[in-house]
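Q: My structure is stored as target08.txt, with compact mmCIF, C-alpha atoms.
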# COMPACT_ATOMS: atom_id res chain seq x y z
CA MET A 1 30.99 140.92 -1.33
CA THR A 2 30.41 142.51 -4.70
CA THR A 3 31.79 142.56 -8.22
CA LEU A 4 34.51 145.13 -8.76
CA LEU A 5 34.93 147.11 -11.99
CA VAL A 6 38.53 148.26 -12.45
CA THR A 7 39.48 150.69 -15.21
CA HIS A 8 41.48 153.88 -15.73
CA SER A 9 41.16 157.00 -17.85
CA ALA A 10 44.69 156.40 -19.17
CA CYS A 11 43.27 153.53 -21.23
CA PHE A 12 41.48 156.17 -23.36
CA LYS A 13 44.85 157.77 -24.13
CA HIS A 14 46.14 154.68 -25.94
CA GLU A 15 45.36 155.86 -29.45
CA THR A 16 45.73 153.74 -32.56
CA PRO A 17 46.04 154.75 -36.24
CA PRO A 18 42.84 155.70 -38.10
CA GLY A 19 40.76 152.69 -39.05
CA HIS A 20 42.42 150.41 -36.51
CA PRO A 21 39.88 147.96 -35.02
CA GLU A 22 41.34 148.19 -31.50
CA ASN A 23 40.46 151.79 -30.73
CA VAL A 24 39.19 154.08 -27.98
CA GLU A 25 35.55 153.58 -28.97
CA ARG A 26 35.75 150.00 -27.73
CA LEU A 27 36.30 151.11 -24.14
CA ARG A 28 33.61 153.76 -24.45
CA ALA A 29 31.16 151.05 -25.55
CA VAL A 30 32.14 148.78 -22.65
CA LEU A 31 31.94 151.43 -19.95
CA GLY A 32 28.84 152.97 -21.48
CA VAL A 33 26.80 149.78 -21.20
CA LEU A 34 27.93 149.37 -17.59
CA GLU A 35 26.30 152.70 -16.72
CA ALA A 36 22.87 151.04 -16.97
CA GLU A 37 20.77 150.82 -13.83
CA GLU A 38 21.28 147.07 -13.50
CA PHE A 39 24.98 147.74 -12.84
CA MET A 40 24.48 150.35 -10.13
CA LEU A 41 25.86 147.95 -7.52
CA LEU A 42 29.16 147.56 -9.33
CA GLU A 43 31.97 148.98 -7.23
CA ARG A 44 34.16 151.12 -9.49
CA VAL A 45 37.87 151.65 -8.87
CA GLU A 46 40.72 153.28 -10.78
CA ALA A 47 43.54 150.92 -11.64
CA PRO A 48 46.93 151.51 -10.06
CA ARG A 49 50.08 151.33 -12.12
CA ALA A 50 51.72 147.92 -12.31
CA THR A 51 55.29 147.82 -11.12
CA ARG A 52 58.22 146.68 -13.22
CA GLU A 53 58.64 143.77 -10.83
CA GLN A 54 55.06 142.64 -11.44
CA ILE A 55 55.40 142.92 -15.22
CA GLY A 56 58.81 141.25 -15.03
CA ARG A 57 57.28 138.04 -13.72
CA VAL A 58 56.09 137.48 -17.31
CA HIS A 59 58.18 139.72 -19.56
CA THR A 60 61.93 140.01 -19.84
CA GLU A 61 63.71 143.20 -18.86
CA GLY A 62 64.63 143.62 -22.51
CA HIS A 63 60.97 143.56 -23.54
CA ILE A 64 59.97 146.08 -20.89
CA GLU A 65 62.79 148.39 -21.97
CA PHE A 66 61.77 147.98 -25.62
CA ILE A 67 58.17 148.98 -24.90
CA GLU A 68 59.27 151.92 -22.79
CA GLY A 69 61.70 153.05 -25.47
CA SER A 70 59.11 152.69 -28.24
CA ALA A 71 56.63 155.18 -26.81
CA PRO A 72 56.61 158.16 -29.19
CA SER A 73 56.39 161.77 -28.09
CA GLU A 74 53.88 162.41 -30.88
CA GLY A 75 52.08 160.51 -33.59
CA PHE A 76 52.32 156.74 -33.80
CA ARG A 77 55.12 154.20 -33.71
CA ARG A 78 54.55 150.79 -35.24
CA ILE A 79 55.68 147.79 -33.20
CA ASP A 80 54.54 145.45 -35.97
CA ALA A 81 51.96 145.54 -38.75
CA ASP A 82 49.08 145.27 -36.27
CA THR A 83 50.44 146.91 -33.13
CA ALA A 84 51.15 150.60 -32.61
CA MET A 85 51.96 152.97 -29.77
CA SER A 86 50.95 156.60 -29.26
CA PRO A 87 52.15 159.04 -26.58
CA GLY A 88 49.58 157.67 -24.12
CA SER A 89 50.13 153.99 -24.79
CA LEU A 90 52.82 153.30 -22.21
CA GLU A 91 50.79 154.62 -19.28
CA ALA A 92 47.73 152.75 -20.55
CA ALA A 93 49.71 149.51 -20.72
CA TYR A 94 50.99 149.93 -17.17
CA ARG A 95 47.46 150.68 -15.92
CA ALA A 96 45.93 147.75 -17.83
CA ALA A 97 48.36 145.33 -16.20
CA GLY A 98 47.92 147.08 -12.86
CA ALA A 99 44.16 146.62 -13.04
CA VAL A 100 44.48 142.84 -13.09
CA VAL A 101 47.07 142.84 -10.30
CA TYR A 102 44.84 145.07 -8.19
CA GLY A 103 41.87 142.81 -8.86
CA VAL A 104 43.83 139.85 -7.54
CA ASP A 105 44.71 141.75 -4.36
CA GLU A 106 41.09 142.74 -3.75
CA VAL A 107 39.76 139.21 -4.25
CA MET A 108 42.45 137.67 -2.07
CA ALA A 109 41.76 140.23 0.67
CA GLY A 110 38.05 139.36 0.61
CA ARG A 111 37.02 142.86 -0.46
CA ALA A 112 35.57 141.69 -3.78
CA ARG A 113 33.92 138.47 -4.87
CA ASN A 114 35.15 138.79 -8.44
CA VAL A 115 36.51 141.48 -10.77
CA PHE A 116 36.10 142.73 -14.32
CA CYS A 117 38.99 144.80 -15.68
CA ALA A 118 37.76 147.11 -18.46
CA VAL A 119 41.13 148.03 -19.90
CA ARG A 120 43.10 148.43 -23.08
CA PRO A 121 45.48 147.67 -24.69
CA PRO A 122 44.51 144.00 -24.47
CA GLY A 123 47.14 141.47 -23.55
CA HIS A 124 46.84 137.80 -24.47
CA HIS A 125 48.96 137.96 -27.64
CA ALA A 126 51.93 139.58 -25.87
CA GLU A 127 54.63 136.94 -25.39
CA PRO A 128 57.40 137.21 -22.80
CA LEU A 129 59.76 138.60 -25.45
CA THR A 130 57.38 140.13 -27.99
CA ALA A 131 54.53 142.61 -28.33
CA MET A 132 52.05 141.67 -31.06
CA GLY A 133 48.39 141.43 -32.00
CA PHE A 134 47.42 144.84 -30.52
CA CYS A 135 49.02 143.78 -27.18
CA LEU A 136 52.00 145.29 -25.33
CA PHE A 137 52.03 143.52 -21.94
CA ASN A 138 50.17 140.30 -21.14
CA ASN A 139 47.76 141.64 -18.52
CA ILE A 140 46.14 138.34 -17.60
CA ALA A 141 49.42 136.41 -17.32
CA ILE A 142 50.85 139.18 -15.14
CA GLY A 143 47.84 138.86 -12.85
CA ALA A 144 48.15 135.08 -12.75
CA LEU A 145 51.81 135.21 -11.76
CA HIS A 146 50.95 137.82 -9.13
CA ALA A 147 48.38 135.46 -7.62
CA ARG A 148 51.06 132.81 -7.32
CA GLU A 149 54.08 134.88 -6.28
CA ALA A 150 52.42 137.47 -4.03
CA HIS A 151 49.57 135.39 -2.61
CA GLY A 152 50.88 131.84 -2.67
CA CYS A 153 48.26 130.35 -5.00
CA ALA A 154 49.89 127.06 -5.93
CA ARG A 155 47.78 126.38 -9.02
CA VAL A 156 46.40 129.15 -11.24
CA ALA A 157 44.22 128.78 -14.34
CA VAL A 158 43.37 131.06 -17.26
CA VAL A 159 40.30 130.40 -19.41
CA ASP A 160 40.42 132.30 -22.70
CA PHE A 161 37.34 132.46 -24.93
CA ASP A 162 38.59 135.16 -27.29
CA VAL A 163 38.14 134.06 -30.88
CA HIS A 164 41.92 134.29 -31.38
CA HIS A 165 44.28 131.96 -29.58
CA GLY A 166 46.22 133.61 -26.75
CA ASN A 167 49.68 132.68 -27.95
CA GLY A 168 51.29 135.00 -25.41
CA THR A 169 49.62 133.40 -22.42
CA GLN A 170 50.40 129.93 -23.72
CA ALA A 171 54.05 130.90 -24.23
CA ALA A 172 54.26 132.26 -20.68
CA PHE A 173 52.66 129.14 -19.16
CA GLU A 174 53.67 126.14 -21.25
CA CYS A 175 56.78 125.19 -19.27
CA ASP A 176 55.24 125.66 -15.82
CA PRO A 177 52.90 122.89 -14.63
CA SER A 178 51.50 125.09 -11.84
CA LEU A 179 49.83 127.25 -14.50
CA LEU A 180 46.93 126.03 -16.65
CA TYR A 181 45.93 127.68 -19.92
CA ILE A 182 42.63 126.66 -21.54
CA SER A 183 41.51 128.27 -24.78
CA THR A 184 38.54 127.89 -27.06
CA HIS A 185 39.12 129.72 -30.34
CA GLN A 186 38.56 129.61 -34.07
CA TRP A 187 41.01 127.49 -36.01
CA PRO A 188 42.59 128.27 -38.42
CA LEU A 189 42.98 131.96 -37.63
CA TYR A 190 45.54 134.51 -36.46
CA PRO A 191 48.06 134.09 -34.84
CA GLY A 192 48.44 130.52 -36.16
CA THR A 193 49.07 128.92 -32.77
CA GLY A 194 46.65 126.97 -30.63
CA ARG A 195 46.47 123.61 -32.37
CA ALA A 196 44.80 120.83 -30.43
CA ASN A 197 48.10 118.95 -30.17
CA GLU A 198 49.87 121.78 -28.30
CA HIS A 199 49.90 120.55 -24.70
CA GLY A 200 52.92 122.13 -23.01
CA LEU A 201 53.66 119.96 -19.96
CA GLY A 202 50.07 118.75 -19.92
CA ASN A 203 48.97 122.19 -18.73
CA ILE A 204 47.84 123.59 -22.11
CA TYR A 205 44.40 122.72 -23.49
CA ASN A 206 43.29 124.13 -26.84
CA ARG A 207 39.74 123.47 -28.02
CA CYS A 208 39.62 124.53 -31.66
CA LEU A 209 36.34 125.57 -33.30
CA PRO A 210 35.95 125.58 -37.08
CA PRO A 211 34.81 128.68 -38.98
CA GLY A 212 31.03 128.94 -38.80
CA ALA A 213 30.73 127.18 -35.43
CA GLY A 214 28.04 128.61 -33.18
CA SER A 215 26.38 128.23 -29.81
CA GLU A 216 26.04 124.46 -29.87
CA GLU A 217 29.73 123.82 -30.54
CA PHE A 218 30.89 126.53 -28.13
CA ARG A 219 28.70 125.41 -25.25
CA ALA A 220 29.75 121.80 -25.82
CA ALA A 221 33.38 122.92 -25.54
CA ILE A 222 32.59 124.67 -22.25
CA ASP A 223 30.64 121.72 -20.82
CA ASN A 224 32.72 118.81 -22.09
CA ALA A 225 36.24 120.23 -22.17
CA ILE A 226 36.79 123.53 -20.38
CA ILE A 227 34.96 122.83 -17.12
CA PRO A 228 36.20 119.21 -16.74
CA THR A 229 39.76 120.42 -17.31
CA LEU A 230 39.34 122.99 -14.54
CA ASP A 231 37.86 120.36 -12.24
CA GLN A 232 40.82 118.07 -12.84
CA PHE A 233 43.41 120.81 -12.29
CA ARG A 234 41.72 122.26 -9.18
CA PRO A 235 43.05 125.82 -9.42
CA GLU A 236 43.23 128.16 -6.46
CA PHE A 237 42.43 131.15 -8.68
CA ILE A 238 40.74 131.42 -12.09
CA PHE A 239 41.30 134.20 -14.63
CA ILE A 240 39.22 134.90 -17.73
CA SER A 241 40.60 136.39 -20.92
CA ALA A 242 37.27 137.88 -21.94
CA GLY A 243 37.40 138.43 -25.67
CA PHE A 244 34.03 138.93 -27.36
CA ASP A 245 35.16 138.70 -30.99
CA ALA A 246 33.63 135.23 -31.45
CA HIS A 247 30.31 137.09 -31.74
CA VAL A 248 28.51 136.55 -35.03
CA SER A 249 28.68 140.30 -35.77
CA ASP A 250 32.42 140.66 -35.25
CA PRO A 251 34.34 141.64 -38.40
CA LEU A 252 37.65 139.92 -37.57
CA ALA A 253 36.59 136.27 -37.39
CA ASN A 254 34.00 133.73 -38.47
CA LEU A 255 32.33 132.22 -35.41
CA CYS A 256 28.63 132.68 -34.78
CA LEU A 257 28.19 133.21 -31.06
CA THR A 258 25.73 135.59 -29.42
CA GLU A 259 26.01 137.56 -26.22
CA SER A 260 24.05 134.87 -24.37
CA ASP A 261 26.86 132.41 -25.09
CA PHE A 262 29.36 134.62 -23.28
CA GLY A 263 26.96 134.90 -20.36
CA TYR A 264 26.65 131.11 -20.30
CA ALA A 265 30.41 130.55 -20.39
CA THR A 266 30.98 133.10 -17.64
CA ALA A 267 28.32 131.56 -15.41
CA GLU A 268 29.79 128.08 -15.84
CA ILE A 269 33.31 129.30 -15.07
CA VAL A 270 32.03 131.08 -11.96
CA LYS A 271 30.27 127.91 -10.82
CA ALA A 272 33.54 126.04 -11.22
CA ALA A 273 35.32 128.73 -9.21
CA ASP A 274 32.73 128.36 -6.45
CA ARG A 275 33.47 124.62 -6.28
CA LEU A 276 37.22 124.87 -6.60
CA CYS A 277 38.61 128.11 -5.21
CA GLY A 278 36.13 130.07 -3.16
CA GLY A 279 34.75 131.89 -6.20
CA ARG A 280 38.02 133.69 -6.96
CA VAL A 281 37.71 135.07 -10.50
CA VAL A 282 39.36 138.02 -12.23
CA SER A 283 38.37 138.79 -15.81
CA ALA A 284 40.08 141.18 -18.23
CA LEU A 285 38.87 142.55 -21.55
CA GLU A 286 40.61 141.19 -24.64
CA GLY A 287 39.07 141.41 -28.13
CA GLY A 288 35.69 142.40 -29.54
CA TYR A 289 35.49 144.81 -32.48
CA ASP A 290 31.84 145.33 -33.36
CA LEU A 291 30.82 148.00 -30.86
CA GLU A 292 27.19 146.96 -30.47
CA ALA A 293 28.10 143.28 -30.06
CA LEU A 294 30.92 144.21 -27.69
CA ALA A 295 28.57 146.20 -25.47
CA ALA A 296 25.92 143.47 -25.43
CA SER A 297 28.49 140.77 -24.70
CA THR A 298 30.03 142.83 -21.89
CA ARG A 299 26.57 143.25 -20.39
CA ALA A 300 26.01 139.48 -20.38
CA HIS A 301 29.49 138.78 -19.01
CA VAL A 302 29.36 141.27 -16.14
CA ARG A 303 25.77 140.32 -15.31
CA ALA A 304 26.92 136.72 -14.84
CA LEU A 305 29.77 137.85 -12.60
CA MET A 306 27.41 139.95 -10.50
CA LEU A 307 24.87 137.16 -10.07
CA ALA A 308 27.61 135.15 -8.39
CA ALA A 309 28.77 137.95 -6.11
Could I get this structure in the form of structure tokens?

A:
Amino acid sequence: MTTLLVTHSACFKHETPPGHPENVERLRAVLGVLEAEEFMLLERVEAPRATREQIGRVHTEGHIEFIEGSAPSEGFRRIDADTAMSPGSLEAAYRAAGAVVYGVDEVMAGRARNVFCAVRPPGHHAEPLTAMGFCLFNNIAIGALHAREAHGCARVAVVDFDVHHGNGTQAAFECDPSLLYISTHQWPLYPGTGRANEHGLGNIYNRCLPPGAGSEEFRAAIDNAIIPTLDQFRPEFIFISAGFDAHVSDPLANLCLTESDFGYATAEIVKAADRLCGGRVVSALEGGYDLEALAASTRAHVRALMLAA
């Protein structure tokens, strides 16, 4: 089995206002680096469109209708101060969620060892009732609920190493003990959630890193907190919210990681998946706003996925 790369051209049509950090160039950087010869064995697939039923496992009907009704016919429409929609945003959002769902299906069918979803808009800030933080639908949570509802995975885990806490994923999971959310992120920082004392029903684990923390602190969090928590929970499927904005070059935060740290974290998560759930891993792109650092971090992340496949 191989690593699957799932993306869709619609994700280029989600345009954001001039100067917005979450822009089309991010996806160009990600897909561009994956054209290198070392990634020739990646199997590349276009994402299908998620269904309303699949999205509705996480988001309310009211939220889905709001997003659909907010898509402009031209220009931009602000959802909040950080989040905007253009004419292509709705289709991109449906394809981004569909990519993660499709990745789950391919892994569960044994046609892929693991999956990287190169999609935008990102998702982990989108709460069941609210779009925010550049995110419209919570792609990774939608995939996690699909693994449970469509494939019978009794325990599903999400590991999130984006520099910002995934408030949306936590909100979707915190009252359901069959779902585990583990996040390592800078604190304090947007969106203001993710304190160490936020535990849900014992299924939420937040490992906060102070501004200026680097490789040593991050790798200690992976080794001493993230992996032991996975081992204790024993998930049947593991998802990764792969944000690369904890990189030292990223303009939106203050951690000091390098691309090798993301490769290390990915490799350790994959090892845990091998022990716990037959290697089942689906990863989806979240943040990362310095294009060179984003490309280098993606290279390290996907390389680690491929080495396991």

Q: Would you list the residues near (46.6, 128.1, -23.8), meaning any protein, DNA or RNA residue with an atom at most 9 Å from that point in file coordinates, counting all atoms listed in the file, as number ranges by chain?

A: A: 158-160, 165-171, 173-174, 180-184, 194, 198-200, 203-206

Q: Could you please determine the separation between atom CA of Pro251 of chain A and atom CA of Pro122 of chain A in Å, to one decimal place?

A: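 About the pair atom CA of Pro251 of chain A and atom CA of Pro122 of chain A: they are 17.4 Å apart.
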
Q: Which value, in Å to one decimal, gives the distance between atom CA of Thr229 of chain A and atom CA of Gly202 of chain A?

A: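 It comes out at 10.8 Å.
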
Q: Which residue gives the smallest distance to Thr193 of chain A among A:Arg78, A:Arg155, A:Arg207, A:His8, with only C-alpha atoms counted?

A: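 The answer is A:Arg207, which sits nearest to Thr193 of chain A.
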
Q: Which residues come within 10 Å of Arg120 of chain A, counting all atoms listed in the file, excluding same-chain residues fewer than 6 positions away, as a PDB file with C-alpha atoms, in the coordinates of the input?

A:
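Saved the output as around26.pdb:
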ATOM      1  CA  THR A   7      39.480 150.690 -15.210  1.00  0.00           C
ATOM      2  CA  HIS A   8      41.480 153.880 -15.730  1.00  0.00           C
ATOM      3  CA  ALA A  10      44.690 156.400 -19.170  1.00  0.00           C
ATOM      4  CA  CYS A  11      43.270 153.530 -21.230  1.00  0.00           C
ATOM      5  CA  PHE A  12      41.480 156.170 -23.360  1.00  0.00           C
ATOM      6  CA  LYS A  13      44.850 157.770 -24.130  1.00  0.00           C
ATOM      7  CA  HIS A  14      46.140 154.680 -25.940  1.00  0.00           C
ATOM      8  CA  GLU A  22      41.340 148.190 -31.500  1.00  0.00           C
ATOM      9  CA  ASN A  23      40.460 151.790 -30.730  1.00  0.00           C
ATOM     10  CA  VAL A  24      39.190 154.080 -27.980  1.00  0.00           C
ATOM     11  CA  ARG A  26      35.750 150.000 -27.730  1.00  0.00           C
ATOM     12  CA  LEU A  27      36.300 151.110 -24.140  1.00  0.00           C
ATOM     13  CA  SER A  89      50.130 153.990 -24.790  1.00  0.00           C
ATOM     14  CA  ALA A  92      47.730 152.750 -20.550  1.00  0.00           C
ATOM     15  CA  ALA A  93      49.710 149.510 -20.720  1.00  0.00           C
ATOM     16  CA  TYR A  94      50.990 149.930 -17.170  1.00  0.00           C
ATOM     17  CA  ARG A  95      47.460 150.680 -15.920  1.00  0.00           C
ATOM     18  CA  ALA A  96      45.930 147.750 -17.830  1.00  0.00           C
ATOM     19  CA  ALA A  97      48.360 145.330 -16.200  1.00  0.00           C
ATOM     20  CA  PHE A 134      47.420 144.840 -30.520  1.00  0.00           C
ATOM     21  CA  CYS A 135      49.020 143.780 -27.180  1.00  0.00           C
ATOM     22  CA  LEU A 136      52.000 145.290 -25.330  1.00  0.00           C
ATOM     23  CA  ASN A 139      47.760 141.640 -18.520  1.00  0.00           C
ATOM     24  CA  ALA A 284      40.080 141.180 -18.230  1.00  0.00           C
ATOM     25  CA  LEU A 285      38.870 142.550 -21.550  1.00  0.00           C
ATOM     26  CA  GLU A 286      40.610 141.190 -24.640  1.00  0.00           C
ATOM     27  CA  GLY A 287      39.070 141.410 -28.130  1.00  0.00           C
TER      28      GLY A 287
END

Q: Which one of A:Ile64, A:Ala300, A:Ala154, A:Ala144 sits closest to Val282 of chain A if you count all atoms listed in the file?

A: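 That would be A:Ala144, the residue with the smallest distance to Val282 of chain A.
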
Q: Would you give me, as a Markdown table, each residue of segment 86-167 of chain A having an atom within 12 Å of an atom of segment 256-266 of chain A, along with its shortest atom pair and that distance in Å to one decimal, using only C-alpha atoms and sorting by chain and residue number?

A:
| residue | atom | partner | partner_atom | distance |
| --- | --- | --- | --- | --- |
| A:Asn114 | CA | A:Thr266 | CA | 11.6 |
| A:Phe116 | CA | A:Thr266 | CA | 11.4 |
| A:Val159 | CA | A:Thr266 | CA | 9.9 |
| A:Asp160 | CA | A:Ala265 | CA | 10.4 |
| A:Phe161 | CA | A:Phe262 | CA | 8.4 |
| A:Asp162 | CA | A:Phe262 | CA | 10.1 |
| A:Val163 | CA | A:Leu257 | CA | 10.0 |

Q: Expressed in Å to a single decimal, how great is the separation between atom CA of Cys153 of chain A and atom CA of Ser178 of chain A?

A: 9.2 Å

Q: Just checking: using all atoms listed in the file, which residue out of A:His125, A:Arg49, A:Arg234, A:His63 ends up closest to Val101 of chain A?

A: A:Arg49

Q: Env of Phe39 of chain A: 12 Å cut, atoms = only C-alpha atoms, seq-sep filter 4 positions within chain, self excluded. Answer as number ranges by chain.

A: A: 2-5, 31-35, 43-44, 298-307

Q: Would you mind exporting the chosen residues as a CSV table (one decimal), in the coordinates of the input, restricted to C-alpha atoms?

A:
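Listing of out_15.csv after writing:
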chain,number,residue,atom,x,y,z
A,2,THR,CA,30.4,142.5,-4.7
A,3,THR,CA,31.8,142.6,-8.2
A,4,LEU,CA,34.5,145.1,-8.8
A,5,LEU,CA,34.9,147.1,-12.0
A,31,LEU,CA,31.9,151.4,-20.0
A,32,GLY,CA,28.8,153.0,-21.5
A,33,VAL,CA,26.8,149.8,-21.2
A,34,LEU,CA,27.9,149.4,-17.6
A,35,GLU,CA,26.3,152.7,-16.7
A,43,GLU,CA,32.0,149.0,-7.2
A,44,ARG,CA,34.2,151.1,-9.5
A,298,THR,CA,30.0,142.8,-21.9
A,299,ARG,CA,26.6,143.2,-20.4
A,300,ALA,CA,26.0,139.5,-20.4
A,301,HIS,CA,29.5,138.8,-19.0
A,302,VAL,CA,29.4,141.3,-16.1
A,303,ARG,CA,25.8,140.3,-15.3
A,304,ALA,CA,26.9,136.7,-14.8
A,305,LEU,CA,29.8,137.8,-12.6
A,306,MET,CA,27.4,140.0,-10.5
A,307,LEU,CA,24.9,137.2,-10.1

Q: Using all atoms listed in the file, which residue out of A:Pro72, A:Gly110, A:Pro228, A:Pro188 lies closest to Leu209 of chain A?

A: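 For Leu209 of chain A, the nearest of the given residues is A:Pro188.
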
Q: Using all atoms listed in the file, which residue out of A:Leu129, A:Ser9, A:Ala109, A:Arg280 lies closest to Gly88 of chain A?

A: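 Counting all atoms listed in the file, the residue closest to Gly88 of chain A is A:Ser9.
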
Q: For the point (48.7, 142.9, -15.6) in the file's frame, write as a ChimeraX atom specification all residues with an atom no more than 7 Å away, counting only C-alpha atoms.

A: /A:50,55,96-101,138-143

Q: Around all listed atoms of segment 236-253 of chain A, padded 5 Å per side, what centre and edge lengths does the axis-aligned box have in Å to one decimal, as lines of an AutoDock Vina configuration file?

A:
center_x = 35.9
center_y = 134.9
center_z = -22.4
size_x = 24.7
size_y = 23.5
size_z = 41.9

Q: Under the rule that only C-alpha atoms are counted, which of A:Glu217, A:Asp245, A:Asp290, A:Asp274 is the nearest residue to Arg113 of chain A?

A: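 Of A:Glu217, A:Asp245, A:Asp290, A:Asp274, the one nearest Arg113 of chain A is A:Asp274, counting only C-alpha atoms.
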
Q: Is there a way to complete segment 166-188 of chain A with N, CA and C atoms and then write that out as a PDB file, in the coordinates of the input?

A:
ATOM      1  N   GLY A 166      45.332 132.775 -27.551  1.00  0.00           N
ATOM      2  CA  GLY A 166      46.220 133.610 -26.750  1.00  0.00           C
ATOM      3  C   GLY A 166      47.625 133.060 -26.732  1.00  0.00           C
ATOM      4  N   ASN A 167      48.322 133.229 -27.825  1.00  0.00           N
ATOM      5  CA  ASN A 167      49.680 132.680 -27.950  1.00  0.00           C
ATOM      6  C   ASN A 167      50.606 133.194 -26.852  1.00  0.00           C
ATOM      7  N   GLY A 168      50.420 134.443 -26.435  1.00  0.00           N
ATOM      8  CA  GLY A 168      51.290 135.000 -25.410  1.00  0.00           C
ATOM      9  C   GLY A 168      51.118 134.325 -24.068  1.00  0.00           C
ATOM     10  N   THR A 169      49.869 134.073 -23.686  1.00  0.00           N
ATOM     11  CA  THR A 169      49.620 133.400 -22.420  1.00  0.00           C
ATOM     12  C   THR A 169      50.138 131.972 -22.475  1.00  0.00           C
ATOM     13  N   GLN A 170      49.891 131.296 -23.582  1.00  0.00           N
ATOM     14  CA  GLN A 170      50.400 129.930 -23.720  1.00  0.00           C
ATOM     15  C   GLN A 170      51.928 129.926 -23.617  1.00  0.00           C
ATOM     16  N   ALA A 171      52.592 130.858 -24.270  1.00  0.00           N
ATOM     17  CA  ALA A 171      54.050 130.900 -24.230  1.00  0.00           C
ATOM     18  C   ALA A 171      54.568 131.154 -22.818  1.00  0.00           C
ATOM     19  N   ALA A 172      53.844 131.962 -22.052  1.00  0.00           N
ATOM     20  CA  ALA A 172      54.260 132.260 -20.680  1.00  0.00           C
ATOM     21  C   ALA A 172      54.036 131.085 -19.738  1.00  0.00           C
ATOM     22  N   PHE A 173      53.078 130.210 -20.070  1.00  0.00           N
ATOM     23  CA  PHE A 173      52.660 129.140 -19.160  1.00  0.00           C
ATOM     24  C   PHE A 173      53.214 127.772 -19.508  1.00  0.00           C
ATOM     25  N   GLU A 174      53.559 127.510 -20.766  1.00  0.00           N
ATOM     26  CA  GLU A 174      53.670 126.140 -21.250  1.00  0.00           C
ATOM     27  C   GLU A 174      54.765 125.306 -20.587  1.00  0.00           C
ATOM     28  N   CYS A 175      55.718 125.943 -19.940  1.00  0.00           N
ATOM     29  CA  CYS A 175      56.780 125.190 -19.270  1.00  0.00           C
ATOM     30  C   CYS A 175      56.634 125.188 -17.752  1.00  0.00           C
ATOM     31  N   ASP A 176      55.466 125.563 -17.260  1.00  0.00           N
ATOM     32  CA  ASP A 176      55.240 125.660 -15.820  1.00  0.00           C
ATOM     33  C   ASP A 176      53.972 124.902 -15.447  1.00  0.00           C
ATOM     34  N   PRO A 177      54.090 123.708 -14.883  1.00  0.00           N
ATOM     35  CA  PRO A 177      52.900 122.890 -14.630  1.00  0.00           C
ATOM     36  C   PRO A 177      51.980 123.438 -13.546  1.00  0.00           C
ATOM     37  N   SER A 178      52.392 124.484 -12.829  1.00  0.00           N
ATOM     38  CA  SER A 178      51.500 125.090 -11.840  1.00  0.00           C
ATOM     39  C   SER A 178      50.523 126.069 -12.465  1.00  0.00           C
ATOM     40  N   LEU A 179      50.679 126.311 -13.770  1.00  0.00           N
ATOM     41  CA  LEU A 179      49.830 127.250 -14.500  1.00  0.00           C
ATOM     42  C   LEU A 179      49.084 126.501 -15.591  1.00  0.00           C
ATOM     43  N   LEU A 180      47.778 126.684 -15.650  1.00  0.00           N
ATOM     44  CA  LEU A 180      46.930 126.030 -16.650  1.00  0.00           C
ATOM     45  C   LEU A 180      46.388 127.070 -17.613  1.00  0.00           C
ATOM     46  N   TYR A 181      46.525 126.823 -18.903  1.00  0.00           N
ATOM     47  CA  TYR A 181      45.930 127.680 -19.920  1.00  0.00           C
ATOM     48  C   TYR A 181      44.945 126.860 -20.736  1.00  0.00           C
ATOM     49  N   ILE A 182      43.695 127.318 -20.775  1.00  0.00           N
ATOM     50  CA  ILE A 182      42.630 126.660 -21.540  1.00  0.00           C
ATOM     51  C   ILE A 182      42.065 127.686 -22.511  1.00  0.00           C
ATOM     52  N   SER A 183      42.018 127.342 -23.780  1.00  0.00           N
ATOM     53  CA  SER A 183      41.510 128.270 -24.780  1.00  0.00           C
ATOM     54  C   SER A 183      40.512 127.589 -25.700  1.00  0.00           C
ATOM     55  N   THR A 184      39.419 128.284 -25.960  1.00  0.00           N
ATOM     56  CA  THR A 184      38.540 127.890 -27.060  1.00  0.00           C
ATOM     57  C   THR A 184      38.578 129.023 -28.076  1.00  0.00           C
ATOM     58  N   HIS A 185      38.868 128.693 -29.337  1.00  0.00           N
ATOM     59  CA  HIS A 185      39.120 129.720 -30.340  1.00  0.00           C
ATOM     60  C   HIS A 185      38.869 129.149 -31.729  1.00  0.00           C
ATOM     61  N   GLN A 186      38.712 130.044 -32.685  1.00  0.00           N
ATOM     62  CA  GLN A 186      38.560 129.610 -34.070  1.00  0.00           C
ATOM     63  C   GLN A 186      39.902 129.109 -34.605  1.00  0.00           C
ATOM     64  N   TRP A 187      39.829 128.015 -35.341  1.00  0.00           N
ATOM     65  CA  TRP A 187      41.010 127.490 -36.010  1.00  0.00           C
ATOM     66  C   TRP A 187      40.636 127.020 -37.416  1.00  0.00           C
ATOM     67  N   PRO A 188      41.384 127.430 -38.453  1.00  0.00           N
ATOM     68  CA  PRO A 188      42.590 128.270 -38.420  1.00  0.00           C
ATOM     69  C   PRO A 188      42.243 129.758 -38.354  1.00  0.00           C
TER      70      PRO A 188
END
